[in-house]
Structures are given as C-alpha cells and as structure tokens.
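J.: Sending over coords23.cif (mmCIF, C-alpha atoms).
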data_model
loop_
_atom_site.group_PDB
_atom_site.id
_atom_site.type_symbol
_atom_site.label_atom_id
_atom_site.label_comp_id
_atom_site.auth_asym_id
_atom_site.auth_seq_id
_atom_site.Cartn_x
_atom_site.Cartn_y
_atom_site.Cartn_z
ATOM 1 C CA MET A 1 84.701 39.112 66.362
ATOM 2 C CA ASN A 2 88.455 39.724 66.460
ATOM 3 C CA LYS A 3 90.378 37.264 68.547
ATOM 4 C CA ASN A 4 91.950 38.953 71.557
ATOM 5 C CA PRO A 5 95.745 38.952 71.003
ATOM 6 C CA PHE A 6 96.194 38.753 74.773
ATOM 7 C CA GLY A 7 94.368 35.440 75.052
ATOM 8 C CA GLU A 8 91.041 34.398 76.542
ATOM 9 C CA LYS A 9 91.562 36.402 79.729
ATOM 10 C CA GLY A 10 92.511 39.522 77.775
ATOM 11 C CA TRP A 11 95.127 42.011 78.877
ATOM 12 C CA THR A 12 96.051 41.932 82.579
ATOM 13 C CA PRO A 13 98.711 43.761 84.648
ATOM 14 C CA ASP A 14 100.755 40.537 84.731
ATOM 15 C CA ARG A 15 102.171 41.810 81.433
ATOM 16 C CA ILE A 16 103.684 44.895 83.098
ATOM 17 C CA GLY A 17 107.381 44.501 83.844
ATOM 18 C CA ASN A 18 109.569 46.451 86.259
ATOM 19 C CA LEU A 19 108.690 50.151 86.010
ATOM 20 C CA GLU A 20 111.522 51.567 88.101
ATOM 21 C CA GLY A 21 112.622 54.925 86.728
ATOM 22 C CA GLN A 22 109.285 55.561 84.987
ATOM 23 C CA THR A 23 106.885 58.366 85.928
ATOM 24 C CA PHE A 24 103.114 58.351 85.494
ATOM 25 C CA VAL A 25 100.936 61.423 86.017
ATOM 26 C CA ILE A 26 97.297 60.541 86.734
ATOM 27 C CA THR A 27 94.192 62.676 87.313
ATOM 28 C CA GLY A 28 91.547 61.530 89.781
ATOM 29 C CA THR A 29 93.264 58.957 91.988
ATOM 30 C CA THR A 30 91.543 59.156 95.375
ATOM 31 C CA SER A 31 89.090 56.353 94.529
ATOM 32 C CA GLY A 32 87.934 54.037 91.772
ATOM 33 C CA THR A 33 89.977 53.195 88.687
ATOM 34 C CA GLY A 34 92.518 55.971 89.303
ATOM 35 C CA LEU A 35 93.337 54.616 92.760
ATOM 36 C CA GLU A 36 93.605 51.046 91.428
ATOM 37 C CA ALA A 37 95.848 52.136 88.544
ATOM 38 C CA SER A 38 98.096 54.033 90.968
ATOM 39 C CA ARG A 39 98.311 51.019 93.287
ATOM 40 C CA ILE A 40 99.350 48.676 90.460
ATOM 41 C CA LEU A 41 101.902 51.095 88.959
ATOM 42 C CA LEU A 42 103.504 51.725 92.360
ATOM 43 C CA ALA A 43 103.665 47.988 93.047
ATOM 44 C CA LYS A 44 105.625 47.642 89.800
ATOM 45 C CA GLY A 45 108.168 50.242 90.970
ATOM 46 C CA ALA A 46 106.910 53.307 89.097
ATOM 47 C CA ARG A 47 106.718 56.854 90.366
ATOM 48 C CA VAL A 48 103.143 58.195 90.448
ATOM 49 C CA VAL A 49 102.204 61.875 90.568
ATOM 50 C CA MET A 50 98.528 62.189 91.487
ATOM 51 C CA LEU A 51 96.499 65.221 90.397
ATOM 52 C CA ASN A 52 93.406 65.625 92.568
ATOM 53 C CA ARG A 53 90.931 68.310 93.563
ATOM 54 C CA ASN A 54 90.807 67.463 97.288
ATOM 55 C CA PRO A 55 94.183 67.789 99.104
ATOM 56 C CA GLN A 56 92.940 65.931 102.192
ATOM 57 C CA LYS A 57 91.760 62.971 100.129
ATOM 58 C CA SER A 58 95.128 62.993 98.326
ATOM 59 C CA ALA A 59 96.957 62.856 101.665
ATOM 60 C CA ASN A 60 94.712 60.017 102.851
ATOM 61 C CA THR A 61 95.319 58.120 99.607
ATOM 62 C CA ILE A 62 99.092 58.493 99.896
ATOM 63 C CA ALA A 63 98.949 57.260 103.494
ATOM 64 C CA LEU A 64 96.832 54.259 102.414
ATOM 65 C CA LEU A 65 99.166 53.339 99.545
ATOM 66 C CA LYS A 66 102.268 53.632 101.753
ATOM 67 C CA GLN A 67 100.614 51.490 104.402
ATOM 68 C CA GLU A 68 99.842 48.815 101.792
ATOM 69 C CA LEU A 69 103.005 48.980 99.684
ATOM 70 C CA GLY A 70 105.630 50.385 102.060
ATOM 71 C CA ASP A 71 107.000 53.839 102.825
ATOM 72 C CA LYS A 72 109.483 53.695 99.976
ATOM 73 C CA VAL A 73 106.889 53.882 97.179
ATOM 74 C CA GLN A 74 107.324 57.022 95.093
ATOM 75 C CA VAL A 75 103.952 58.721 95.254
ATOM 76 C CA SER A 76 103.147 62.410 95.503
ATOM 77 C CA ALA A 77 100.170 64.692 94.924
ATOM 78 C CA ILE A 78 99.574 68.048 93.269
ATOM 79 C CA HIS A 79 96.372 70.037 93.600
ATOM 80 C CA LEU A 80 94.306 70.202 90.400
ATOM 81 C CA ASP A 81 90.749 71.369 89.859
ATOM 82 C CA LEU A 82 89.873 70.518 86.269
ATOM 83 C CA ALA A 83 86.873 72.861 86.478
ATOM 84 C CA GLU A 84 89.210 75.863 86.613
ATOM 85 C CA GLN A 85 91.652 76.619 83.810
ATOM 86 C CA SER A 86 93.776 78.696 86.194
ATOM 87 C CA SER A 87 94.145 75.624 88.444
ATOM 88 C CA VAL A 88 95.058 73.445 85.442
ATOM 89 C CA LYS A 89 97.801 75.896 84.467
ATOM 90 C CA LYS A 90 99.132 76.071 88.018
ATOM 91 C CA ALA A 91 99.122 72.275 88.384
ATOM 92 C CA ALA A 92 100.913 71.852 85.050
ATOM 93 C CA GLU A 93 103.604 74.322 86.140
ATOM 94 C CA GLU A 94 104.090 72.344 89.339
ATOM 95 C CA VAL A 95 104.317 69.044 87.442
ATOM 96 C CA LEU A 96 106.918 70.508 85.077
ATOM 97 C CA ALA A 97 108.907 71.803 88.063
ATOM 98 C CA THR A 98 108.631 68.472 89.917
ATOM 99 C CA VAL A 99 109.365 65.760 87.350
ATOM 100 C CA SER A 100 112.058 65.397 84.702
ATOM 101 C CA HIS A 101 110.037 63.139 82.414
ATOM 102 C CA ILE A 102 106.522 61.761 81.897
ATOM 103 C CA ASP A 103 106.178 58.225 80.563
ATOM 104 C CA ALA A 104 102.395 58.543 80.487
ATOM 105 C CA LEU A 105 99.785 61.154 81.352
ATOM 106 C CA ILE A 106 96.576 59.298 82.236
ATOM 107 C CA CYS A 107 93.480 61.512 82.013
ATOM 108 C CA ASN A 108 91.244 59.502 84.308
ATOM 109 C CA ALA A 109 89.253 62.017 86.413
ATOM 110 C CA ALA A 110 85.641 62.740 85.514
ATOM 111 C CA ILE A 111 82.305 63.964 86.752
ATOM 112 C CA ALA A 112 79.107 62.371 85.475
ATOM 113 C CA GLN A 113 75.342 62.782 85.337
ATOM 114 C CA VAL A 114 75.269 66.232 86.982
ATOM 115 C CA PRO A 115 71.508 66.602 87.744
ATOM 116 C CA LYS A 116 71.126 70.334 87.035
ATOM 117 C CA ARG A 117 73.049 72.313 84.461
ATOM 118 C CA GLN A 118 75.999 74.106 86.020
ATOM 119 C CA LEU A 119 78.722 76.280 84.520
ATOM 120 C CA THR A 120 82.405 76.289 85.460
ATOM 121 C CA VAL A 121 84.147 79.538 86.430
ATOM 122 C CA ASP A 122 85.367 79.709 82.828
ATOM 123 C CA GLY A 123 81.791 79.557 81.556
ATOM 124 C CA TRP A 124 81.508 75.998 80.254
ATOM 125 C CA GLU A 125 78.875 73.395 81.043
ATOM 126 C CA SER A 126 80.400 71.562 84.004
ATOM 127 C CA GLN A 127 80.863 68.083 82.519
ATOM 128 C CA MET A 128 82.351 69.486 79.302
ATOM 129 C CA GLY A 129 84.480 71.896 81.334
ATOM 130 C CA VAL A 130 85.908 69.227 83.669
ATOM 131 C CA ASN A 131 86.058 66.116 81.514
ATOM 132 C CA TYR A 132 87.026 67.715 78.227
ATOM 133 C CA PHE A 133 88.376 71.274 78.407
ATOM 134 C CA GLY A 134 90.242 70.669 81.683
ATOM 135 C CA HIS A 135 92.033 67.655 80.269
ATOM 136 C CA PHE A 136 92.585 69.262 76.851
ATOM 137 C CA ALA A 137 94.445 72.123 78.556
ATOM 138 C CA LEU A 138 96.431 69.778 80.804
ATOM 139 C CA GLN A 139 97.536 67.695 77.829
ATOM 140 C CA ALA A 140 98.588 70.797 75.887
ATOM 141 C CA LEU A 141 100.586 72.223 78.798
ATOM 142 C CA LEU A 142 102.383 68.952 79.555
ATOM 143 C CA PHE A 143 102.870 68.002 75.903
ATOM 144 C CA PRO A 144 106.405 69.447 75.548
ATOM 145 C CA LEU A 145 107.690 67.267 78.401
ATOM 146 C CA ILE A 146 105.730 64.226 77.201
ATOM 147 C CA GLU A 147 107.254 64.729 73.749
ATOM 148 C CA LYS A 148 110.743 65.104 75.202
ATOM 149 C CA SER A 149 110.143 61.918 77.221
ATOM 150 C CA LYS A 150 108.758 60.018 74.189
ATOM 151 C CA GLY A 151 105.769 59.393 76.422
ATOM 152 C CA ARG A 152 102.070 58.722 76.047
ATOM 153 C CA ILE A 153 98.756 60.460 76.536
ATOM 154 C CA VAL A 154 95.958 58.148 77.675
ATOM 155 C CA THR A 155 92.378 59.410 77.721
ATOM 156 C CA VAL A 156 89.870 57.443 79.763
ATOM 157 C CA GLY A 157 86.627 57.833 77.867
ATOM 158 C CA SER A 158 83.346 56.020 78.344
ATOM 159 C CA MET A 159 80.882 53.924 76.367
ATOM 160 C CA GLY A 160 78.656 56.888 77.184
ATOM 161 C CA TYR A 161 80.198 58.551 74.108
ATOM 162 C CA ASP A 162 77.548 56.669 72.083
ATOM 163 C CA MET A 163 74.588 57.314 74.387
ATOM 164 C CA GLY A 164 73.782 60.865 73.316
ATOM 165 C CA LEU A 165 74.132 63.042 70.226
ATOM 166 C CA LYS A 166 76.272 61.492 67.503
ATOM 167 C CA THR A 167 78.151 64.753 66.942
ATOM 168 C CA ILE A 168 79.365 67.826 68.824
ATOM 169 C CA LYS A 169 76.668 70.389 69.563
ATOM 170 C CA PHE A 170 78.648 73.396 68.341
ATOM 171 C CA ASP A 171 75.593 75.675 68.211
ATOM 172 C CA ASP A 172 74.877 75.145 71.925
ATOM 173 C CA LEU A 173 77.980 73.710 73.589
ATOM 174 C CA ASN A 174 76.838 74.865 77.045
ATOM 175 C CA TRP A 175 73.369 73.351 76.819
ATOM 176 C CA ASP A 176 71.415 76.580 77.260
ATOM 177 C CA LYS A 177 68.548 74.544 75.802
ATOM 178 C CA ASP A 178 67.456 70.946 76.365
ATOM 179 C CA TYR A 179 69.999 70.065 79.069
ATOM 180 C CA THR A 180 69.882 66.502 80.328
ATOM 181 C CA PRO A 181 72.571 64.990 82.589
ATOM 182 C CA ASN A 182 73.200 62.030 80.292
ATOM 183 C CA ALA A 183 73.316 63.994 77.025
ATOM 184 C CA ALA A 184 75.845 66.467 78.439
ATOM 185 C CA TYR A 185 77.989 63.684 79.914
ATOM 186 C CA SER A 186 77.896 61.764 76.629
ATOM 187 C CA GLN A 187 78.959 64.902 74.776
ATOM 188 C CA SER A 188 81.965 65.444 77.072
ATOM 189 C CA LYS A 189 83.124 61.851 76.601
ATOM 190 C CA LEU A 190 82.649 61.976 72.823
ATOM 191 C CA ALA A 191 84.760 65.156 72.764
ATOM 192 C CA GLN A 192 87.517 63.510 74.825
ATOM 193 C CA ILE A 193 87.708 60.502 72.518
ATOM 194 C CA MET A 194 87.476 62.544 69.305
ATOM 195 C CA SER A 195 90.338 64.789 70.397
ATOM 196 C CA ILE A 196 92.635 61.792 70.938
ATOM 197 C CA TYR A 197 92.101 60.523 67.377
ATOM 198 C CA GLU A 198 92.551 64.074 66.078
ATOM 199 C CA LEU A 199 95.787 64.349 68.070
ATOM 200 C CA GLN A 200 96.983 61.098 66.486
ATOM 201 C CA ASP A 201 96.385 62.550 63.016
ATOM 202 C CA ARG A 202 98.127 65.816 63.879
ATOM 203 C CA LEU A 203 101.134 63.952 65.285
ATOM 204 C CA ALA A 204 101.312 61.822 62.129
ATOM 205 C CA LYS A 205 101.137 64.899 59.874
ATOM 206 C CA ALA A 206 103.920 66.535 61.875
ATOM 207 C CA GLY A 207 106.011 63.386 61.523
ATOM 208 C CA ASN A 208 106.027 63.050 65.310
ATOM 209 C CA THR A 209 106.449 59.402 66.213
ATOM 210 C CA ALA A 210 107.750 60.122 69.719
ATOM 211 C CA VAL A 211 104.353 60.652 71.375
ATOM 212 C CA LYS A 212 101.612 58.039 71.378
ATOM 213 C CA ALA A 213 97.970 58.811 72.194
ATOM 214 C CA TYR A 214 95.353 56.260 73.219
ATOM 215 C CA ALA A 215 91.625 56.177 73.944
ATOM 216 C CA CYS A 216 90.149 53.628 76.339
ATOM 217 C CA HIS A 217 87.292 53.206 78.810
ATOM 218 C CA PRO A 218 86.731 51.301 82.083
ATOM 219 C CA GLY A 219 83.496 49.539 81.159
ATOM 220 C CA SER A 220 80.849 49.378 83.862
ATOM 221 C CA SER A 221 83.027 49.467 86.952
ATOM 222 C CA ARG A 222 82.015 49.791 90.577
ATOM 223 C CA THR A 223 83.412 53.269 91.300
ATOM 224 C CA ALA A 224 82.212 56.409 93.061
ATOM 225 C CA LEU A 225 81.658 58.285 89.780
ATOM 226 C CA ILE A 226 77.843 58.295 89.838
ATOM 227 C CA SER A 227 77.561 58.615 93.625
ATOM 228 C CA THR A 228 79.831 61.677 93.529
ATOM 229 C CA SER A 229 77.910 63.820 91.057
ATOM 230 C CA GLY A 230 74.822 61.933 89.823
ATOM 231 C CA SER A 231 71.166 62.495 90.674
ATOM 232 C CA PHE A 232 69.351 60.511 93.366
ATOM 233 C CA MET A 233 67.681 58.371 90.687
ATOM 234 C CA MET A 234 70.975 57.620 88.908
ATOM 235 C CA LYS A 235 72.558 56.684 92.246
ATOM 236 C CA MET A 236 69.674 54.288 92.900
ATOM 237 C CA ILE A 237 69.892 52.702 89.441
ATOM 238 C CA PHE A 238 73.657 52.253 89.535
ATOM 239 C CA GLY A 239 73.472 51.077 93.146
ATOM 240 C CA LEU A 240 71.239 48.215 91.971
ATOM 241 C CA MET A 241 73.415 47.535 88.913
ATOM 242 C CA LYS A 242 76.426 47.087 91.189
ATOM 243 C CA LEU A 243 74.750 43.984 92.589
ATOM 244 C CA THR A 244 74.548 42.323 89.158
ATOM 245 C CA PRO A 245 77.060 40.714 86.755
ATOM 246 C CA LEU A 246 76.649 43.839 84.580
ATOM 247 C CA THR A 247 79.370 45.575 86.625
ATOM 248 C CA GLN A 248 82.933 44.707 87.568
ATOM 249 C CA PRO A 249 85.389 45.688 90.330
ATOM 250 C CA ALA A 250 87.179 49.034 89.957
ATOM 251 C CA GLU A 251 90.479 47.160 89.675
ATOM 252 C CA TYR A 252 89.352 45.575 86.387
ATOM 253 C CA GLY A 253 88.180 48.994 85.225
ATOM 254 C CA ALA A 254 91.769 50.214 85.629
ATOM 255 C CA TYR A 255 93.182 47.599 83.252
ATOM 256 C CA PRO A 256 92.442 49.454 79.970
ATOM 257 C CA GLN A 257 94.254 52.620 81.068
ATOM 258 C CA LEU A 258 97.167 50.594 82.429
ATOM 259 C CA MET A 259 97.411 48.698 79.150
ATOM 260 C CA CYS A 260 97.421 51.937 77.136
ATOM 261 C CA ALA A 261 100.054 53.435 79.457
ATOM 262 C CA THR A 262 102.469 50.494 79.440
ATOM 263 C CA GLU A 263 101.894 47.914 76.688
ATOM 264 C CA LYS A 264 104.349 48.023 73.773
ATOM 265 C CA ASP A 265 103.253 48.217 70.143
ATOM 266 C CA LEU A 266 99.577 48.923 70.777
ATOM 267 C CA ASP A 267 97.628 50.156 67.757
ATOM 268 C CA GLN A 268 96.711 53.778 68.489
ATOM 269 C CA SER A 269 93.746 53.733 66.118
ATOM 270 C CA GLU A 270 91.865 51.214 68.292
ATOM 271 C CA PHE A 271 89.489 51.797 71.226
ATOM 272 C CA TYR A 272 90.376 49.737 74.309
ATOM 273 C CA GLY A 273 88.174 48.363 77.069
ATOM 274 C CA PRO A 274 86.250 45.293 78.219
ATOM 275 C CA THR A 275 85.222 43.083 75.288
ATOM 276 C CA GLY A 276 82.370 41.185 76.961
ATOM 277 C CA ARG A 277 78.645 41.988 77.102
ATOM 278 C CA SER A 278 77.956 45.506 75.728
ATOM 279 C CA ASN A 279 81.651 46.231 76.416
ATOM 280 C CA TRP A 280 80.667 46.728 80.063
ATOM 281 C CA VAL A 281 82.644 43.792 81.472
ATOM 282 C CA GLY A 282 84.932 41.020 80.237
ATOM 283 C CA PRO A 283 88.488 40.504 78.959
ATOM 284 C CA VAL A 284 90.299 43.735 78.087
ATOM 285 C CA GLY A 285 91.303 44.380 74.503
ATOM 286 C CA ALA A 286 90.451 46.418 71.408
ATOM 287 C CA HIS A 287 86.839 46.650 70.276
ATOM 288 C CA HIS A 288 84.554 48.450 67.849
ATOM 289 C CA ILE A 289 84.116 52.209 68.001
ATOM 290 C CA GLU A 290 81.269 53.937 66.178
ATOM 291 C CA PRO A 291 82.291 55.975 63.094
ATOM 292 C CA HIS A 292 80.936 59.267 64.467
ATOM 293 C CA ALA A 293 83.708 59.229 67.122
ATOM 294 C CA LYS A 294 86.237 59.518 64.296
ATOM 295 C CA ASP A 295 84.414 62.109 62.150
ATOM 296 C CA LYS A 296 87.377 64.086 60.769
ATOM 297 C CA LYS A 297 85.500 67.287 59.959
ATOM 298 C CA VAL A 298 83.901 67.502 63.410
ATOM 299 C CA ALA A 299 87.137 66.547 65.222
ATOM 300 C CA LYS A 300 89.130 69.239 63.380
ATOM 301 C CA LYS A 301 86.517 71.883 64.217
ATOM 302 C CA LEU A 302 86.435 70.771 67.865
ATOM 303 C CA TRP A 303 90.245 70.955 68.115
ATOM 304 C CA GLU A 304 90.408 74.454 66.670
ATOM 305 C CA LEU A 305 87.587 75.610 68.943
ATOM 306 C CA SER A 306 89.340 74.064 71.958
ATOM 307 C CA GLU A 307 92.660 75.797 71.257
ATOM 308 C CA GLN A 308 90.806 79.083 70.916
ATOM 309 C CA ALA A 309 88.632 78.535 74.011
ATOM 310 C CA THR A 310 91.574 77.577 76.260
ATOM 311 C CA GLY A 311 94.038 80.014 74.658
ATOM 312 C CA LEU A 312 96.482 77.129 74.281
ATOM 313 C CA ALA A 313 98.007 76.247 70.924
ATOM 314 C CA TRP A 314 99.727 72.872 70.750
ATOM 315 C CA ASN A 315 103.239 73.143 69.420
ATOM 316 C CA LEU A 316 103.097 70.151 67.089
#
Rewrite the structure from the file as structure tokens, please.

T.:
Amino acid sequence: MNKNPFGEKGWTPDRIGNLEGQTFVITGTTSGTGLEASRILLAKGARVVMLNRNPQKSANTIALLKQELGDKVQVSAIHLDLAEQSSVKKAAEEVLATVSHIDALICNAAIAQVPKRQLTVDGWESQMGVNYFGHFALQALLFPLIEKSKGRIVTVGSMGYDMGLKTIKFDDLNWDKDYTPNAAYSQSKLAQIMSIYELQDRLAKAGNTAVKAYACHPGSSRTALISTSGSFMMKMIFGLMKLTPLTQPAEYGAYPQLMCATEKDLDQSEFYGPTGRSNWVGPVGAHHIEPHAKDKKVAKKLWELSEQATGLAWNL
C-alpha cells in the first residue's frame, strides 16, 4: 500500500492557507459534504457561489453560514436544477455574469438510489441526467472562464462507480430494460469519473496546462443523499450503517473535494478519497481505481455522445 504523503492522518483542511481573493463554485451545498466544504472555504476567506435547486434552502444555508462565520463572509447562491439543461445554461450564464474568475468548480450535487425509473425533462434516466449530463454541461459552459482563471474542475464521484456494470450501457443508456436503483446510480458515477480522466487526456493533447481536473469521492459519509432520493429499504439500511464505524461525519467526506480544489501539485491521474476500510472511511489520500474507469475507448465514445446529447462542444 502506498504511504500517504500527507502523513498518518492523511490530508486535512489544516493544509489550506488564506483563500482571500479566490472563488469557488459548488453544486449542492444546502447539506452534507457540500455544506461542509462551503463552511471550510468561507472560514479560510474564500468567496463561495452555491448552485442549488431549492432557493429557500439556499437562503437558509446562507443565513446559517453568516450566523456561524459572520456577516462579512462572501457567500451567494444561484438557482440550478441539474435535471434540466435549460436551467444549467441559465445558471452558467448567471455565474459568468457574477464572477470574474473561478479557482475551482466543485461538482458535488447528486441524487442516488431513485426507487423507480424516472426520466428528466430532457429525456434521460434521472440519475444519469442529474449526476452526469447536468454536470457535464455545467463544466462545458463554465470551462472558458475556468481556463482563463487557470482553475480546476473537481468531480465528486463515488465508490459506487464499481458496484454496477463495468462499462457504459450505450445500447440502453436510459434503462428501458432491467432498471435497478443501484445499477443506474453506479452508471452515473462511473460516467462522471470517466469523463474527468478523458478531459485530462484532451487537455494534455491540446497542450492546455492551465486547467486541472480531478476525480474524488466522499467515502461513506453521513449525509442526506440516500434519505433524499432513496427507497424506504435503502433509507433503513443506511440509517443503521450511520450508527456503525463504517460511516464518517459529513465534514470528513468534504475533505477529498477540498483537497482537489486547493492542494498544490496533486497528481491528476489519481483517485482521491478515504484510504481506510473499503475506502469508506479513514485518512484522505490517493487510492486504487479499477481499470474499467479509465477505459479509453469507452471514455472517448461517452464524451462524443455527451457533446452531441447536450449540444455543447468543448472548445479545447
């Protein structure tokens, strides 16, 4: 096992210096790892632009953060529904009109374990539509400013990428047949991770060293992810798991994305998350990723399909 370069305790936010003048755009910040990441970045002096589906929850979150950290913290919210491409485009326009630079875009929002197959307004299976296509479009639309800012794109994946099919189901991307909540979720997370490694390769081929792209995951963190969209049974199972050492606080689950957004000289080819038991908990660092998540042929096909499906070509 590789020795963690950050020591026995792994990477922690103690390594983050003063972030005054830096801007972080984060999806899904009203609870869980997104809220914890926002809290830590703001405490370090950064500006945080939160992209959330529920405006009331955004307002409540801003009020909470200002109460905890003081009225002077630079936090704002823009409405974004990742399930609707039109909303993604509108949110991206607002971001571009609101901020002059983006030091990191953190794609943190997700839905998981949706009990019955649902389609988004754009016609995609809901988990693939929200977790993957929504974020793919957001990244593409914000890429010019991220590039200009010499910023980063951080995708928050999941160990679930390895708990379903070991490839992308191109012949039935919307699960018209054999839908199961876990298989569809796994597929969306595999797609998210694959697209980051494909982006790295495309940036390298273009000679673009300004933008860095990272894949990470929060491990098994005590968040509202399953309780928000999962089935009754999944809620029961995860509710019991939360009482065991197999889960960790949401704050720890935020560490991998914070590391990828702020740490200098991180190897982009790695996969970052907890390095303890099953990569669910433990010190944060780089760890093994299964080869199918870096299948070049599949990743290239997925990228081309995604550009076509969203109507967005990346200007690399």

J.: For the atom pair atom CA of A:Cys107 and atom CA of A:Tyr132, what is the interatomic distance in Å to one decimal place?

T.: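 Interatomic distance here is 9.7 Å.
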
J.: Enumerate, as a list in words, the residues matched when the PyMOL selection byres ((chain A and resi 62-78) around 6) is run on the file above.

T.: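 Going through the file, the PyMOL selection byres ((chain A and resi 62-78) around 6) ends up selecting Arg47, Val48, Val49, Met50, Leu51, Ala59, Asn60, Thr61 and His79 of chain A.
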
J.: Would you mind telling me which residue in A:Val95, A:Ala204, A:Ala254, A:Ile26 lies nearest to A:Leu141 when using all atoms listed in the file?

T.: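 For A:Leu141, the nearest of the candidates is A:Val95.
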
J.: Counting only C-alpha atoms, which residues come within 12 Å of (90.0, 37.4, 71.7), with the point read in the file's coordinates, and could you list them as an MDAnalysis selection string?

T.: chainID A and resid 1:11 274:276 282:287

J.: Can you work out which one of A:Gln257, A:Ser221, A:Thr155, A:Thr209 has the shortest atom-to-atom distance to A:Asn279, counting all atoms listed in the file?

T.: A:Ser221

J.: Mind pulling up the distance from atom CA of A:Pro256 to atom CA of A:Gly273?

T.: 5.3 Å

J.: For A:Trp280, please output as a PDB file with C-alpha atoms, in the frame of the given file all residues within 12 Å (counting only C-alpha atoms; exclusion window: fewer than 4 positions along the same chain).

T.:
ATOM      1  CA  SER A 158      83.346  56.020  78.344  1.00  0.00           C
ATOM      2  CA  MET A 159      80.882  53.924  76.367  1.00  0.00           C
ATOM      3  CA  GLY A 160      78.656  56.888  77.184  1.00  0.00           C
ATOM      4  CA  HIS A 217      87.292  53.206  78.810  1.00  0.00           C
ATOM      5  CA  PRO A 218      86.731  51.301  82.083  1.00  0.00           C
ATOM      6  CA  GLY A 219      83.496  49.539  81.159  1.00  0.00           C
ATOM      7  CA  SER A 220      80.849  49.378  83.862  1.00  0.00           C
ATOM      8  CA  SER A 221      83.027  49.467  86.952  1.00  0.00           C
ATOM      9  CA  ARG A 222      82.015  49.791  90.577  1.00  0.00           C
ATOM     10  CA  MET A 241      73.415  47.535  88.913  1.00  0.00           C
ATOM     11  CA  LYS A 242      76.426  47.087  91.189  1.00  0.00           C
ATOM     12  CA  THR A 244      74.548  42.323  89.158  1.00  0.00           C
ATOM     13  CA  PRO A 245      77.060  40.714  86.755  1.00  0.00           C
ATOM     14  CA  LEU A 246      76.649  43.839  84.580  1.00  0.00           C
ATOM     15  CA  THR A 247      79.370  45.575  86.625  1.00  0.00           C
ATOM     16  CA  GLN A 248      82.933  44.707  87.568  1.00  0.00           C
ATOM     17  CA  PRO A 249      85.389  45.688  90.330  1.00  0.00           C
ATOM     18  CA  TYR A 252      89.352  45.575  86.387  1.00  0.00           C
ATOM     19  CA  GLY A 253      88.180  48.994  85.225  1.00  0.00           C
ATOM     20  CA  TYR A 272      90.376  49.737  74.309  1.00  0.00           C
ATOM     21  CA  GLY A 273      88.174  48.363  77.069  1.00  0.00           C
ATOM     22  CA  PRO A 274      86.250  45.293  78.219  1.00  0.00           C
ATOM     23  CA  THR A 275      85.222  43.083  75.288  1.00  0.00           C
ATOM     24  CA  GLY A 276      82.370  41.185  76.961  1.00  0.00           C
ATOM     25  CA  VAL A 284      90.299  43.735  78.087  1.00  0.00           C
ATOM     26  CA  HIS A 287      86.839  46.650  70.276  1.00  0.00           C
TER      27      HIS A 287
END

J.: Would you mind telling me which residue in A:Ala109, A:Leu96, A:Ala104, A:Ala293 lies nearest to A:Ala213 when using only C-alpha atoms?

T.: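 Result for the nearest residue to A:Ala213: A:Ala104.
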
J.: Taking the file as I've supplied it (selection: the PyMOL selection byres ((chain A and resi 212) around 12)), which residues are included? Please answer as a PyMOL selection string.

T.: chain A and resi 103-105+143+146-147+149-155+196-197+199-204+208-211+213-215+260-269

J.: Take the PyMOL selection byres ((chain A and resi 168) around 8), apply it to the structure above, and return the hits as a count of residues only.

T.: 11

J.: To one decimal place in Å, what is the distance between atom CA of A:Thr120 and atom CA of A:Ala137?

T.: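 So the two atoms, atom CA of A:Thr120 and atom CA of A:Ala137, lie 14.5 Å apart.
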
J.: Which one is closest to A:Trp175: A:Leu80, A:Leu145, A:Ala313, A:Met128? Count only C-alpha atoms.

T.: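 Selected residue with least distance to A:Trp175: A:Met128.
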
J.: In the coordinates of the file, take the point (96.7, 75.9, 89.1) and a cut-off of 12 Å; then, counting all atoms listed in the file, name each qualifying protein, DNA or RNA residue as a ChimeraX atom specification.

T.: /A:51-53,78-95,134,137-138,141

J.: Just checking: using all atoms listed in the file, which residue out of A:Ala309, A:Ala110, A:Ala184, A:Val281 ends up closest to A:Gly28?

T.: A:Ala110

J.: When you count only C-alpha atoms, which of these residues is closest to A:Lys301: A:Gly123, A:Pro115, A:Pro181, A:Ser195?

T.: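 Smallest separation from A:Lys301 among the options: A:Ser195.
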
J.: Taking all atoms of stretch 284-290 of chain A that the file lists, what box with edges along x, y and z, padded by 8 Å per side, do you get, with centre and edge lengths in Å to one decimal, as lines of an AutoDock Vina configuration file?

T.:
center_x = 86.3
center_y = 48.8
center_z = 72.1
size_x = 26.0
size_y = 26.2
size_z = 27.9
